[in-house]
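File shown here: upload-v9.pdb, holding PDB, C-alpha atoms.
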```pdb
ATOM      1  CA  MET A  57      80.280 143.442  93.596
ATOM      2  CA  THR A  58      83.979 143.088  94.406
ATOM      3  CA  SER A  59      86.432 144.358  91.782
ATOM      4  CA  TYR A  60      90.190 144.113  91.375
ATOM      5  CA  ASP A  61      92.055 146.237  88.866
ATOM      6  CA  PHE A  62      95.145 144.691  87.362
ATOM      7  CA  LYS A  63      97.414 145.959  84.616
ATOM      8  CA  GLY A  64      95.218 146.291  81.559
ATOM      9  CA  CYS A  65      92.250 144.253  82.846
ATOM     10  CA  LYS A  66      89.545 144.150  85.453
ATOM     11  CA  VAL A  67      88.430 141.165  87.516
ATOM     12  CA  SER A  68      85.085 141.253  89.319
ATOM     13  CA  PHE A  69      83.166 138.952  91.591
ATOM     14  CA  ILE A  70      79.384 139.164  91.826
ATOM     15  CA  THR A  71      76.704 136.954  93.281
ATOM     16  CA  LEU A  72      74.306 135.003  91.104
ATOM     17  CA  ASN A  73      71.422 137.301  92.051
ATOM     18  CA  GLU A  74      73.425 140.362  91.050
ATOM     19  CA  PHE A  75      74.323 138.787  87.732
ATOM     20  CA  ARG A  76      70.708 137.825  87.137
ATOM     21  CA  GLU A  77      69.662 141.460  87.643
ATOM     22  CA  GLU A  78      72.329 142.674  85.203
ATOM     23  CA  GLU A  79      71.922 139.840  82.685
ATOM     24  CA  GLY A  80      70.870 142.164  79.872
ATOM     25  CA  GLU A  81      74.191 144.003  80.036
ATOM     26  CA  TYR A  82      76.147 140.873  79.079
ATOM     27  CA  ALA A  83      75.982 139.244  75.679
ATOM     28  CA  ASN A  84      74.968 135.579  76.017
ATOM     29  CA  GLY A  85      74.462 136.117  79.745
ATOM     30  CA  ASN A  86      71.263 134.056  79.594
ATOM     31  CA  ALA A  87      73.268 131.027  78.451
ATOM     32  CA  LEU A  88      75.484 131.334  81.517
ATOM     33  CA  LEU A  89      72.457 131.683  83.769
ATOM     34  CA  ARG A  90      71.008 128.452  82.392
ATOM     35  CA  SER A  91      74.290 126.683  83.064
ATOM     36  CA  MET A  92      74.386 127.998  86.615
ATOM     37  CA  ASP A  93      70.927 126.835  87.611
ATOM     38  CA  HIS A  94      72.353 123.483  88.665
ATOM     39  CA  ILE A  95      76.134 123.437  88.283
ATOM     40  CA  GLN A  96      77.260 119.819  88.174
ATOM     41  CA  TYR A  97      80.495 119.976  86.198
ATOM     42  CA  CYS A  98      83.280 122.101  84.764
ATOM     43  CA  LYS A  99      82.798 123.312  81.218
ATOM     44  CA  ALA A 100      83.405 126.237  78.854
ATOM     45  CA  ASP A 101      81.519 127.575  75.829
ATOM     46  CA  SER A 102      82.848 130.091  73.338
ATOM     47  CA  PHE A 103      80.787 132.803  71.671
ATOM     48  CA  SER A 104      81.766 135.564  69.270
ATOM     49  CA  THR A 105      82.441 138.190  71.956
ATOM     50  CA  CYS A 106      82.864 136.164  75.119
ATOM     51  CA  THR A 107      83.662 132.811  76.694
ATOM     52  CA  ILE A 108      81.496 131.505  79.516
ATOM     53  CA  GLY A 109      81.771 128.492  81.746
ATOM     54  CA  THR A 110      81.271 126.899  85.129
ATOM     55  CA  PHE A 111      83.413 125.210  87.752
ATOM     56  CA  ALA A 112      82.352 122.475  90.189
ATOM     57  CA  ILE A 113      85.320 121.822  92.488
ATOM     58  CA  PRO A 114      85.174 118.898  94.966
ATOM     59  CA  ASP A 115      86.009 119.554  98.587
ATOM     60  CA  LYS A 116      89.259 117.695  99.270
ATOM     61  CA  GLU A 117      88.132 117.016 102.839
ATOM     62  CA  HIS A 118      84.873 115.430 101.685
ATOM     63  CA  LEU A 119      85.118 114.430  98.037
ATOM     64  CA  THR A 120      81.649 112.942  97.794
ATOM     65  CA  GLY A 121      79.967 115.907  99.439
ATOM     66  CA  ARG A 122      78.974 119.368  98.289
ATOM     67  CA  LYS A 123      81.147 121.026  95.649
ATOM     68  CA  MET A 124      82.300 124.623  95.431
ATOM     69  CA  THR A 125      80.620 125.998  92.325
ATOM     70  CA  PHE A 126      80.937 129.257  90.418
ATOM     71  CA  GLY A 127      80.682 130.550  86.864
ATOM     72  CA  PHE A 128      82.887 132.819  84.805
ATOM     73  CA  TYR A 129      82.249 135.325  82.048
ATOM     74  CA  LEU A 130      85.324 136.239  80.029
ATOM     75  CA  LYS A 131      85.404 139.071  77.561
ATOM     76  CA  GLU A 132      88.128 141.330  76.257
ATOM     77  CA  GLY A 133      89.666 143.225  79.152
ATOM     78  CA  GLU A 134      87.377 141.822  81.866
ATOM     79  CA  LEU A 135      86.792 138.614  83.779
ATOM     80  CA  ILE A 136      83.641 138.243  85.885
ATOM     81  CA  LEU A 137      83.243 135.454  88.413
ATOM     82  CA  ILE A 138      79.728 134.595  89.581
ATOM     83  CA  GLY A 139      78.932 132.532  92.629
ATOM     84  CA  GLU A 140      78.563 132.409  96.380
ATOM     85  CA  GLU A 141      80.677 134.620  98.586
ATOM     86  CA  GLY A 142      83.615 132.973 100.283
ATOM     87  CA  ALA A 143      86.088 130.666  98.560
ATOM     88  CA  VAL A 144      86.121 132.424  95.170
ATOM     89  CA  GLU A 145      86.917 135.751  96.795
ATOM     90  CA  LEU A 146      89.761 134.080  98.671
ATOM     91  CA  TYR A 147      91.155 132.811  95.361
ATOM     92  CA  LEU A 148      90.993 136.322  93.914
ATOM     93  CA  GLN A 149      92.625 137.836  96.977
ATOM     94  CA  ARG A 150      95.456 135.310  96.757
ATOM     95  CA  LEU A 151      95.896 136.064  93.050
ATOM     96  CA  LYS A 152      96.219 139.742  93.829
ATOM     97  CA  GLU A 153      98.750 139.127  96.588
ATOM     98  CA  GLU A 154     100.885 136.567  94.749
ATOM     99  CA  HIS A 155     100.523 137.356  91.025
ATOM    100  CA  TYR A 156      99.628 141.035  90.795
ATOM    101  CA  ASP A 157     102.613 141.877  88.576
ATOM    102  CA  GLU A 158     102.023 138.864  86.318
ATOM    103  CA  ILE A 159      98.397 139.602  85.400
ATOM    104  CA  SER A 160      97.945 141.826  82.348
ATOM    105  CA  THR A 161      94.912 140.261  80.632
ATOM    106  CA  ALA A 162      91.593 138.843  81.789
ATOM    107  CA  ALA A 163      92.343 135.486  80.182
ATOM    108  CA  GLY A 164      95.713 135.428  81.935
ATOM    109  CA  CYS A 165      93.933 135.966  85.247
ATOM    110  CA  LEU A 166      91.566 133.075  84.509
ATOM    111  CA  LEU A 167      94.546 130.874  83.678
ATOM    112  CA  LEU A 168      96.282 131.742  86.954
ATOM    113  CA  LEU A 169      93.039 131.103  88.824
ATOM    114  CA  MET A 170      92.728 127.647  87.250
ATOM    115  CA  ASP A 171      96.368 126.882  88.000
ATOM    116  CA  ASP A 172      95.819 127.960  91.587
ATOM    117  CA  ILE A 173      92.822 125.629  91.918
ATOM    118  CA  ILE A 174      94.892 122.515  91.119
ATOM    119  CA  ARG A 175      98.346 123.521  92.332
ATOM    120  CA  GLU A 176      98.106 121.448  95.549
ATOM    121  CA  ASP A 177      96.417 118.485  93.895
ATOM    122  CA  VAL A 178      99.621 116.544  93.173
ATOM    123  CA  LEU A 179     100.458 116.549  96.882
ATOM    124  CA  PHE A 180      96.869 115.612  97.711
ATOM    125  CA  LEU A 181      96.981 112.598  95.380
ATOM    126  CA  GLN A 182     100.341 111.527  96.814
ATOM    127  CA  ASN A 183      98.839 111.613 100.307
ATOM    128  CA  TYR A 184      95.853 109.626  99.044
ATOM    129  CA  GLU A 185      98.236 107.046  97.600
ATOM    130  CA  GLU A 186      99.975 106.772 100.988
ATOM    131  CA  LYS A 187      96.565 106.251 102.585
ATOM    132  CA  LEU A 188      95.915 103.321 100.225
ATOM    133  CA  ALA A 189      99.396 101.950 100.978
ATOM    134  CA  ASP A 190      98.569 102.009 104.709
ATOM    135  CA  ILE A 191      95.370 100.060 104.005
ATOM    136  CA  GLU A 192      97.414  97.523 102.047
ATOM    137  CA  GLU A 193      99.964  97.138 104.859
ATOM    138  CA  GLU A 194      97.170  96.668 107.405
ATOM    139  CA  LEU A 195      95.657  94.043 105.137
ATOM    140  CA  MET A 196      98.949  92.113 105.124
ATOM    141  CA  GLU A 197      98.864  91.946 108.926
ATOM    142  CA  HIS A 198      95.190  91.162 109.501
ATOM    143  CA  LEU A 199      91.777  91.496 107.932
ATOM    144  CA  PRO A 200      90.560  94.996 108.907
ATOM    145  CA  LYS A 201      87.015  95.642 110.045
ATOM    146  CA  ASP A 202      84.659  97.485 107.710
ATOM    147  CA  PHE A 203      87.032  96.859 104.815
ATOM    148  CA  TYR A 204      84.378  96.898 102.115
ATOM    149  CA  GLN A 205      82.904 100.154 103.428
ATOM    150  CA  THR A 206      86.366 101.726 103.241
ATOM    151  CA  VAL A 207      86.983 100.455  99.710
ATOM    152  CA  ILE A 208      83.562 101.584  98.486
ATOM    153  CA  LEU A 209      84.192 105.085  99.884
ATOM    154  CA  CYS A 210      87.614 105.202  98.192
ATOM    155  CA  ARG A 211      86.081 104.155  94.882
ATOM    156  CA  LYS A 212      83.417 106.865  95.146
ATOM    157  CA  GLU A 213      85.999 109.521  96.027
ATOM    158  CA  LEU A 214      88.316 108.524  93.184
ATOM    159  CA  LEU A 215      85.403 108.419  90.761
ATOM    160  CA  ALA A 216      84.560 112.008  91.755
ATOM    161  CA  LEU A 217      88.178 113.055  91.161
ATOM    162  CA  HIS A 218      88.353 111.102  87.907
ATOM    163  CA  THR A 219      85.274 112.906  86.589
ATOM    164  CA  TYR A 220      86.513 116.276  87.865
ATOM    165  CA  TYR A 221      89.891 116.095  86.129
ATOM    166  CA  GLU A 222      88.301 114.746  82.964
ATOM    167  CA  GLN A 223      86.102 117.835  82.915
ATOM    168  CA  LEU A 224      89.079 120.118  83.538
ATOM    169  CA  VAL A 225      90.866 118.555  80.570
ATOM    170  CA  SER A 226      87.856 119.255  78.341
ATOM    171  CA  LEU A 227      87.572 122.798  79.707
ATOM    172  CA  GLY A 228      91.258 123.482  79.095
ATOM    173  CA  GLU A 229      91.047 122.118  75.555
ATOM    174  CA  GLU A 230      88.046 124.342  74.813
ATOM    175  CA  LEU A 231      89.881 127.443  76.031
ATOM    176  CA  GLU A 232      93.077 126.435  74.212
ATOM    177  CA  THR A 233      91.143 126.155  70.933
ATOM    178  CA  ASN A 234      90.391 129.910  71.137
ATOM    179  CA  ASP A 235      87.559 129.820  68.621
ATOM    180  CA  ASN A 236      86.539 133.433  69.264
ATOM    181  CA  ARG A 237      90.131 134.765  69.114
ATOM    182  CA  LEU A 238      89.936 136.405  72.544
ATOM    183  CA  LEU A 239      93.196 134.862  73.712
ATOM    184  CA  LEU A 240      96.783 135.720  72.886
ATOM    185  CA  PRO A 241      99.016 132.936  71.511
ATOM    186  CA  GLU A 242     100.937 132.685  74.781
ATOM    187  CA  GLU A 243      97.647 132.361  76.673
ATOM    188  CA  CYS A 244      96.593 129.494  74.392
ATOM    189  CA  THR A 245      99.935 127.870  75.184
ATOM    190  CA  GLY A 246      99.266 128.396  78.891
ATOM    191  CA  PHE A 247      95.868 126.724  78.684
ATOM    192  CA  GLY A 248      97.522 123.870  76.803
ATOM    193  CA  ILE A 249      99.998 123.454  79.677
ATOM    194  CA  PHE A 250      97.092 123.500  82.127
ATOM    195  CA  THR A 251      95.343 120.796  80.084
ATOM    196  CA  ASN A 252      98.467 118.631  80.254
ATOM    197  CA  ARG A 253      98.672 119.085  84.027
ATOM    198  CA  ALA A 254      95.009 118.168  84.442
ATOM    199  CA  SER A 255      95.559 115.155  82.180
ATOM    200  CA  ARG A 256      98.463 113.950  84.351
ATOM    201  CA  LEU A 257      96.307 114.331  87.456
ATOM    202  CA  HIS A 258      93.591 112.355  85.673
ATOM    203  CA  ASP A 259      96.100 109.592  84.890
ATOM    204  CA  HIS A 260      97.257 109.566  88.523
ATOM    205  CA  VAL A 261      93.665 109.105  89.697
ATOM    206  CA  GLU A 262      93.215 106.297  87.170
ATOM    207  CA  MET A 263      96.273 104.582  88.649
ATOM    208  CA  LEU A 264      94.838 104.988  92.165
ATOM    209  CA  ARG A 265      91.562 103.428  91.029
ATOM    210  CA  GLU A 266      93.501 100.404  89.757
ATOM    211  CA  TYR A 267      95.373 100.332  93.081
ATOM    212  CA  VAL A 268      92.066 100.141  94.975
ATOM    213  CA  LEU A 269      90.996  97.266  92.722
ATOM    214  CA  GLN A 270      94.247  95.431  93.503
ATOM    215  CA  ILE A 271      93.740  95.969  97.236
ATOM    216  CA  ARG A 272      90.218  94.578  96.993
ATOM    217  CA  GLU A 273      91.508  91.525  95.125
ATOM    218  CA  MET A 274      94.195  91.084  97.778
ATOM    219  CA  TYR A 275      91.519  91.196 100.477
ATOM    220  CA  GLN A 276      89.537  88.515  98.672
ATOM    221  CA  SER A 277      92.715  86.437  98.335
ATOM    222  CA  GLN A 278      93.335  86.766 102.082
ATOM    223  CA  ILE A 279      89.792  85.584 102.795
ATOM    224  CA  ASP A 280      90.233  82.635 100.420
ATOM    225  CA  LEU A 281      93.581  81.808 102.050
ATOM    226  CA  ASN A 282      92.026  81.858 105.532
ATOM    227  CA  GLN A 283      89.162  79.672 104.358
ATOM    228  CA  ASN A 284      91.607  77.222 102.770
ATOM    229  CA  ARG A 285      93.621  77.167 105.997
ATOM    230  CA  ILE A 286      90.496  76.425 108.037
ATOM    231  CA  MET A 287      89.424  73.713 105.600
ATOM    232  CA  GLY A 288      92.922  72.237 105.802
ATOM    233  CA  TRP A 289      92.725  72.057 109.596
ATOM    234  CA  LEU A 290      89.293  70.490 109.451
ATOM    235  CA  THR A 291      90.572  67.915 106.954
ATOM    236  CA  VAL A 292      93.535  67.037 109.182
ATOM    237  CA  VAL A 293      91.351  66.719 112.288
ATOM    238  CA  THR A 294      88.857  64.571 110.388
ATOM    239  CA  THR A 295      91.659  62.360 109.061
ATOM    240  CA  ILE A 296      93.204  61.947 112.519
ATOM    241  CA  PHE A 297      89.969  60.819 114.117
ATOM    242  CA  LEU A 298      88.713  58.728 111.223
ATOM    243  CA  PRO A 299      90.536  55.517 112.346
ATOM    244  CA  LEU A 300      89.182  56.038 115.873
ATOM    245  CA  SER A 301      85.683  56.367 114.452
ATOM    246  CA  ILE A 302      86.182  53.049 112.653
ATOM    247  CA  LEU A 303      87.332  51.382 115.878
ATOM    248  CA  VAL A 304      84.364  52.792 117.792
ATOM    249  CA  GLY A 305      81.968  51.608 115.130
ATOM    250  CA  TRP A 306      83.620  48.203 114.931
ATOM    251  CA  TYR A 307      83.668  47.451 118.625
ATOM    252  CA  GLY A 308      80.328  49.138 119.223
ATOM    253  CA  MET A 309      78.573  46.180 117.542
ATOM    254  CA  ASN A 310      78.948  44.034 120.716
ATOM    255  CA  PHE A 311      78.550  40.652 119.007
ATOM    256  CA  THR A 312      78.526  37.770 121.481
ATOM    257  CA  ASN A 313      81.510  35.955 120.021
ATOM    258  CA  MET A 314      83.826  38.993 119.869
ATOM    259  CA  PRO A 315      86.980  37.726 121.742
ATOM    260  CA  GLU A 316      87.867  41.175 123.151
ATOM    261  CA  LEU A 317      84.392  41.773 124.567
ATOM    262  CA  ARG A 318      85.095  40.100 127.926
ATOM    263  CA  TRP A 319      88.847  40.412 127.868
ATOM    264  CA  LYS A 320      90.247  41.841 131.094
ATOM    265  CA  TYR A 321      92.638  44.247 129.356
ATOM    266  CA  GLY A 322      90.481  45.020 126.294
ATOM    267  CA  TYR A 323      89.522  48.558 127.347
ATOM    268  CA  LEU A 324      93.115  49.507 128.245
ATOM    269  CA  VAL A 325      94.494  48.039 125.037
ATOM    270  CA  MET A 326      91.990  49.987 122.927
ATOM    271  CA  ILE A 327      93.025  53.238 124.687
ATOM    272  CA  ILE A 328      96.700  52.504 123.968
ATOM    273  CA  ILE A 329      95.959  51.592 120.336
ATOM    274  CA  SER A 330      93.981  54.842 119.889
ATOM    275  CA  ILE A 331      96.794  56.939 121.371
ATOM    276  CA  VAL A 332      99.370  55.201 119.139
ATOM    277  CA  ILE A 333      97.236  55.773 116.030
ATOM    278  CA  VAL A 334      96.796  59.481 116.819
ATOM    279  CA  ALA A 335     100.536  59.897 117.583
ATOM    280  CA  VAL A 336     101.563  58.200 114.333
ATOM    281  CA  GLU A 337      99.176  60.357 112.316
ATOM    282  CA  ILE A 338     100.354  63.580 113.966
ATOM    283  CA  ALA A 339     103.988  62.629 113.294
ATOM    284  CA  PHE A 340     103.113  61.877 109.668
ATOM    285  CA  PHE A 341     101.347  65.181 109.135
ATOM    286  CA  ARG A 342     104.198  67.097 110.752
ATOM    287  CA  LYS A 343     106.702  65.363 108.495
ATOM    288  CA  LYS A 344     104.574  66.446 105.525
ATOM    289  CA  LYS A 345     104.443  69.981 107.047
ATOM    290  CA  VAL A 346     100.666  69.927 107.163
ATOM    291  CA  LEU A 347     100.725  70.668 110.912
TER     292      LEU A 347
END
```

Before we go any further, please render this structure as structure tokens.
Amino acid sequence: MTSYDFKGCKVSFITLNEFREEEGEYANGNALLRSMDHIQYCKADSFSTCTIGTFAIPDKEHLTGRKMTFGFYLKEGELILIGEEGAVELYLQRLKEEHYDEISTAAGCLLLLMDDIIREDVLFLQNYEEKLADIEEELMEHLPKDFYQTVILCRKELLALHTYYEQLVSLGEELETNDNRLLLPEECTGFGIFTNRASRLHDHVEMLREYVLQIREMYQSQIDLNQNRIMGWLTVVTTIFLPLSILVGWYGMNFTNMPELRWKYGYLVMIIISIVIVAVEIAFFRKKKVL
């Protein structure tokens, strides 16, 4: 167990095995244990003497991969965090270094911890938006390889963020409600502010999801435009050579009484006529800005 003593409250970190061994010492500890068997989302539940909950925080470097998970047990004067050693302890250490004089209650410590978890998320989402803008600019220049794989990954990542912030909003609202009266009025206000921040992040992610949809539609439009351009070229080429095909078919019949059949200059004249026809058609198409 790792403990930090702040002004008027105590914050502890213990592993899941340690908490399981001491479960009987905590009211409603069994409910938290059930929630921590397979932590998939962020949530909070209020009881008469405590508030329990879990966090499942996506890794910003790999949003679709493994999440950092831990639980919390909040009671009057004490906050207990339960999970794997590592990241949670780093959060607590940073809280002690940066907010030691601000923490006077266990709920206040939990609020600062939650604020610390999302404090860099606005910058992260801005960088993600720039990443999508780069994809859009590349799409304007040429059709990138593996475009659909990139878009599918972006959609999965944004879906993970969308779900994550939606859960944080619900968690913040549950804590703000303060059903068990463990929180001070200013702490309820603080959790309300956190809920608003999480809601704005959720809205930002929703906008990014729409942006990805627009990029995908733009990609499809580029493909359609290229196909139309190719079909246009094929139509022009077919139109140019259609009169020549008629001439070939006409003079390929070789009827005995065809006057040009044994004419000395027939072959040369047909070459000249073909060249003139092609030249006239090319000039016409250029005038119509088809070529």

Item checked: Proximity to Leu181 in chain A - best of A:Phe311, A:Tyr204, A:Leu264, A:Glu232, all atoms listed in the file ->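 So, comparing all the options, the nearest one is A:Leu264.
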
Next item on the list: Do a neighbour search on Pro241 in chain A at 12 Å with all atoms listed in the file, toss out local chain neighbours closer than 5 positions, and write the hits as a ChimeraX atom specification.
Entry: /A:163-164,231-234,246-248

Notebook entry, point to check: Any idea what the distance is between CA of Tyr267 in chain A and CA of Leu215 in chain A?
Noted result: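 These two atoms are separated by 13.0 Å.
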
Note to self: Given all atoms listed in the file as the basis, pick out the residue of A:Leu324, A:Leu151, A:Cys210, A:Leu135 nearest to Ile70 in chain A.
What the structure shows: A:Leu135

Checklist line | Å distance separating CA of Ile138 in chain A from CA of Phe75 in chain A, one decimal place | finding: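 For CA of Ile138 in chain A relative to CA of Phe75 in chain A, the distance reads 7.1 Å.
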
Note to self: Neighbouring residues of Val268 in chain A were defined as those with any atom within 9 Å, considering all atoms listed in the file; residues of the same chain fewer than 6 positions away were excluded. Please report them as number ranges by chain.
What the structure shows: A: 188, 207, 210-211

Could you pull out every residue with an atom within 12 Å of (91.3, 93.5, 97.2), file coordinates, counting all atoms listed in the file, and send them as an mmCIF file with C-alpha atoms, keeping the file's coordinate frame?
```cif
data_model
loop_
_atom_site.group_PDB
_atom_site.id
_atom_site.type_symbol
_atom_site.label_atom_id
_atom_site.label_comp_id
_atom_site.auth_asym_id
_atom_site.auth_seq_id
_atom_site.Cartn_x
_atom_site.Cartn_y
_atom_site.Cartn_z
ATOM 1 C CA LEU A 188 95.915 103.321 100.225
ATOM 2 C CA ILE A 191 95.370 100.060 104.005
ATOM 3 C CA GLU A 192 97.414 97.523 102.047
ATOM 4 C CA LEU A 195 95.657 94.043 105.137
ATOM 5 C CA MET A 196 98.949 92.113 105.124
ATOM 6 C CA LEU A 199 91.777 91.496 107.932
ATOM 7 C CA PRO A 200 90.560 94.996 108.907
ATOM 8 C CA PHE A 203 87.032 96.859 104.815
ATOM 9 C CA TYR A 204 84.378 96.898 102.115
ATOM 10 C CA THR A 206 86.366 101.726 103.241
ATOM 11 C CA VAL A 207 86.983 100.455 99.710
ATOM 12 C CA ILE A 208 83.562 101.584 98.486
ATOM 13 C CA ARG A 265 91.562 103.428 91.029
ATOM 14 C CA GLU A 266 93.501 100.404 89.757
ATOM 15 C CA TYR A 267 95.373 100.332 93.081
ATOM 16 C CA VAL A 268 92.066 100.141 94.975
ATOM 17 C CA LEU A 269 90.996 97.266 92.722
ATOM 18 C CA GLN A 270 94.247 95.431 93.503
ATOM 19 C CA ILE A 271 93.740 95.969 97.236
ATOM 20 C CA ARG A 272 90.218 94.578 96.993
ATOM 21 C CA GLU A 273 91.508 91.525 95.125
ATOM 22 C CA MET A 274 94.195 91.084 97.778
ATOM 23 C CA TYR A 275 91.519 91.196 100.477
ATOM 24 C CA GLN A 276 89.537 88.515 98.672
ATOM 25 C CA SER A 277 92.715 86.437 98.335
ATOM 26 C CA GLN A 278 93.335 86.766 102.082
ATOM 27 C CA ILE A 279 89.792 85.584 102.795
ATOM 28 C CA ASP A 280 90.233 82.635 100.420
#
```

Check: Which one is closest to Tyr97 in chain A: A:Ile286, A:Leu72, A:Ile113, A:Ile174? Count all atoms listed in the file.
Finding: A:Ile113

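Of the residues under consideration (A:Asp157, A:Asp61, A:Glu243, A:Glu140), A:Glu140 shows the shortest atom-to-atom contact distance to Phe126 in chain A when counting all atoms listed in the file.
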
Item checked: Gap from CA of Val178 in chain A to CA of Leu148 in chain A - Å, one decimal ->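 These two atoms are separated by 21.6 Å.
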
Margin query: Evaluated on this file, the PyMOL selection byres ((chain A and resi 249) around 12) picks out some residues - which ones are they, written as a list in words?
Written below: Leu167, Leu168, Met170, Asp171, Val225, Gly228, Glu229, Leu231, Glu232, Glu242, Glu243, Cys244, Thr245, Gly246, Phe247, Gly248, Phe250, Thr251, Asn252, Arg253, Ala254, Ser255 and Arg256 of chain A

Next item on the list: Identify which of the residues A:Glu77, A:Glu185, A:Glu132, A:Glu145 lies closest to Thr107 in chain A, counting only C-alpha atoms when measuring atom-to-atom distances.
Entry: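 For Thr107 in chain A, the nearest of the candidates is A:Glu132.
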
Next item on the list: Apply the PyMOL selection byres ((chain A and resi 337) around 12) to the structure shown and report the selected residues as an MDAnalysis selection string.
Entry: chainID A and resid 292:300 330:336 338:344 346:347

Can you spit out the residues from that selection as a compact mmCIF listing (two decimals), in the frame of the given file, using C-alpha atoms?
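File written: result.txt
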```txt
# COMPACT_ATOMS: atom_id res chain seq x y z
CA VAL A 292 93.54 67.04 109.18
CA VAL A 293 91.35 66.72 112.29
CA THR A 294 88.86 64.57 110.39
CA THR A 295 91.66 62.36 109.06
CA ILE A 296 93.20 61.95 112.52
CA PHE A 297 89.97 60.82 114.12
CA LEU A 298 88.71 58.73 111.22
CA PRO A 299 90.54 55.52 112.35
CA LEU A 300 89.18 56.04 115.87
CA SER A 330 93.98 54.84 119.89
CA ILE A 331 96.79 56.94 121.37
CA VAL A 332 99.37 55.20 119.14
CA ILE A 333 97.24 55.77 116.03
CA VAL A 334 96.80 59.48 116.82
CA ALA A 335 100.54 59.90 117.58
CA VAL A 336 101.56 58.20 114.33
CA ILE A 338 100.35 63.58 113.97
CA ALA A 339 103.99 62.63 113.29
CA PHE A 340 103.11 61.88 109.67
CA PHE A 341 101.35 65.18 109.14
CA ARG A 342 104.20 67.10 110.75
CA LYS A 343 106.70 65.36 108.50
CA LYS A 344 104.57 66.45 105.52
CA VAL A 346 100.67 69.93 107.16
CA LEU A 347 100.72 70.67 110.91
```

Could you add whatever atoms are missing so that range 180-197 of chain A carries N, CA and C atoms, then write the result as an mmCIF file, in the coordinates of the input?
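Ended up saving to selection-v4.cif:
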```
data_model
loop_
_atom_site.group_PDB
_atom_site.id
_atom_site.type_symbol
_atom_site.label_atom_id
_atom_site.label_comp_id
_atom_site.auth_asym_id
_atom_site.auth_seq_id
_atom_site.Cartn_x
_atom_site.Cartn_y
_atom_site.Cartn_z
ATOM 1 N N PHE A 180 98.065 116.278 97.189
ATOM 2 C CA PHE A 180 96.869 115.612 97.711
ATOM 3 C C PHE A 180 96.789 114.171 97.215
ATOM 4 N N LEU A 181 97.047 113.954 95.933
ATOM 5 C CA LEU A 181 96.981 112.598 95.380
ATOM 6 C C LEU A 181 98.092 111.717 95.930
ATOM 7 N N GLN A 182 99.262 112.300 96.194
ATOM 8 C CA GLN A 182 100.341 111.527 96.814
ATOM 9 C C GLN A 182 99.941 111.079 98.217
ATOM 10 N N ASN A 183 99.309 111.979 98.966
ATOM 11 C CA ASN A 183 98.839 111.613 100.307
ATOM 12 C C ASN A 183 97.754 110.540 100.230
ATOM 13 N N TYR A 184 96.906 110.636 99.218
ATOM 14 C CA TYR A 184 95.853 109.626 99.044
ATOM 15 C C TYR A 184 96.487 108.270 98.721
ATOM 16 N N GLU A 185 97.538 108.297 97.930
ATOM 17 C CA GLU A 185 98.236 107.046 97.600
ATOM 18 C C GLU A 185 98.859 106.438 98.848
ATOM 19 N N GLU A 186 99.423 107.275 99.726
ATOM 20 C CA GLU A 186 99.975 106.772 100.988
ATOM 21 C C GLU A 186 98.877 106.179 101.869
ATOM 22 N N LYS A 187 97.704 106.785 101.837
ATOM 23 C CA LYS A 187 96.565 106.251 102.585
ATOM 24 C C LYS A 187 96.214 104.844 102.091
ATOM 25 N N LEU A 188 96.201 104.646 100.782
ATOM 26 C CA LEU A 188 95.915 103.321 100.225
ATOM 27 C C LEU A 188 97.028 102.336 100.583
ATOM 28 N N ALA A 189 98.280 102.823 100.607
ATOM 29 C CA ALA A 189 99.396 101.950 100.978
ATOM 30 C C ALA A 189 99.263 101.500 102.430
ATOM 31 N N ASP A 190 98.792 102.386 103.307
ATOM 32 C CA ASP A 190 98.569 102.009 104.709
ATOM 33 C C ASP A 190 97.487 100.936 104.815
ATOM 34 N N ILE A 191 96.429 101.076 104.015
ATOM 35 C CA ILE A 191 95.370 100.060 104.005
ATOM 36 C C ILE A 191 95.937 98.717 103.553
ATOM 37 N N GLU A 192 96.806 98.760 102.550
ATOM 38 C CA GLU A 192 97.414 97.523 102.047
ATOM 39 C C GLU A 192 98.293 96.868 103.101
ATOM 40 N N GLU A 193 99.099 97.688 103.821
ATOM 41 C CA GLU A 193 99.964 97.138 104.859
ATOM 42 C C GLU A 193 99.138 96.530 105.999
ATOM 43 N N GLU A 194 98.049 97.205 106.369
ATOM 44 C CA GLU A 194 97.170 96.668 107.405
ATOM 45 C C GLU A 194 96.554 95.352 106.960
ATOM 46 N N LEU A 195 96.254 95.265 105.675
ATOM 47 C CA LEU A 195 95.657 94.043 105.137
ATOM 48 C C LEU A 195 96.636 92.878 105.195
ATOM 49 N N MET A 196 97.940 93.164 105.053
ATOM 50 C CA MET A 196 98.949 92.113 105.124
ATOM 51 C C MET A 196 99.064 91.552 106.539
ATOM 52 N N GLU A 197 98.743 92.387 107.540
ATOM 53 C CA GLU A 197 98.864 91.946 108.926
ATOM 54 C C GLU A 197 97.611 91.230 109.407
#
```
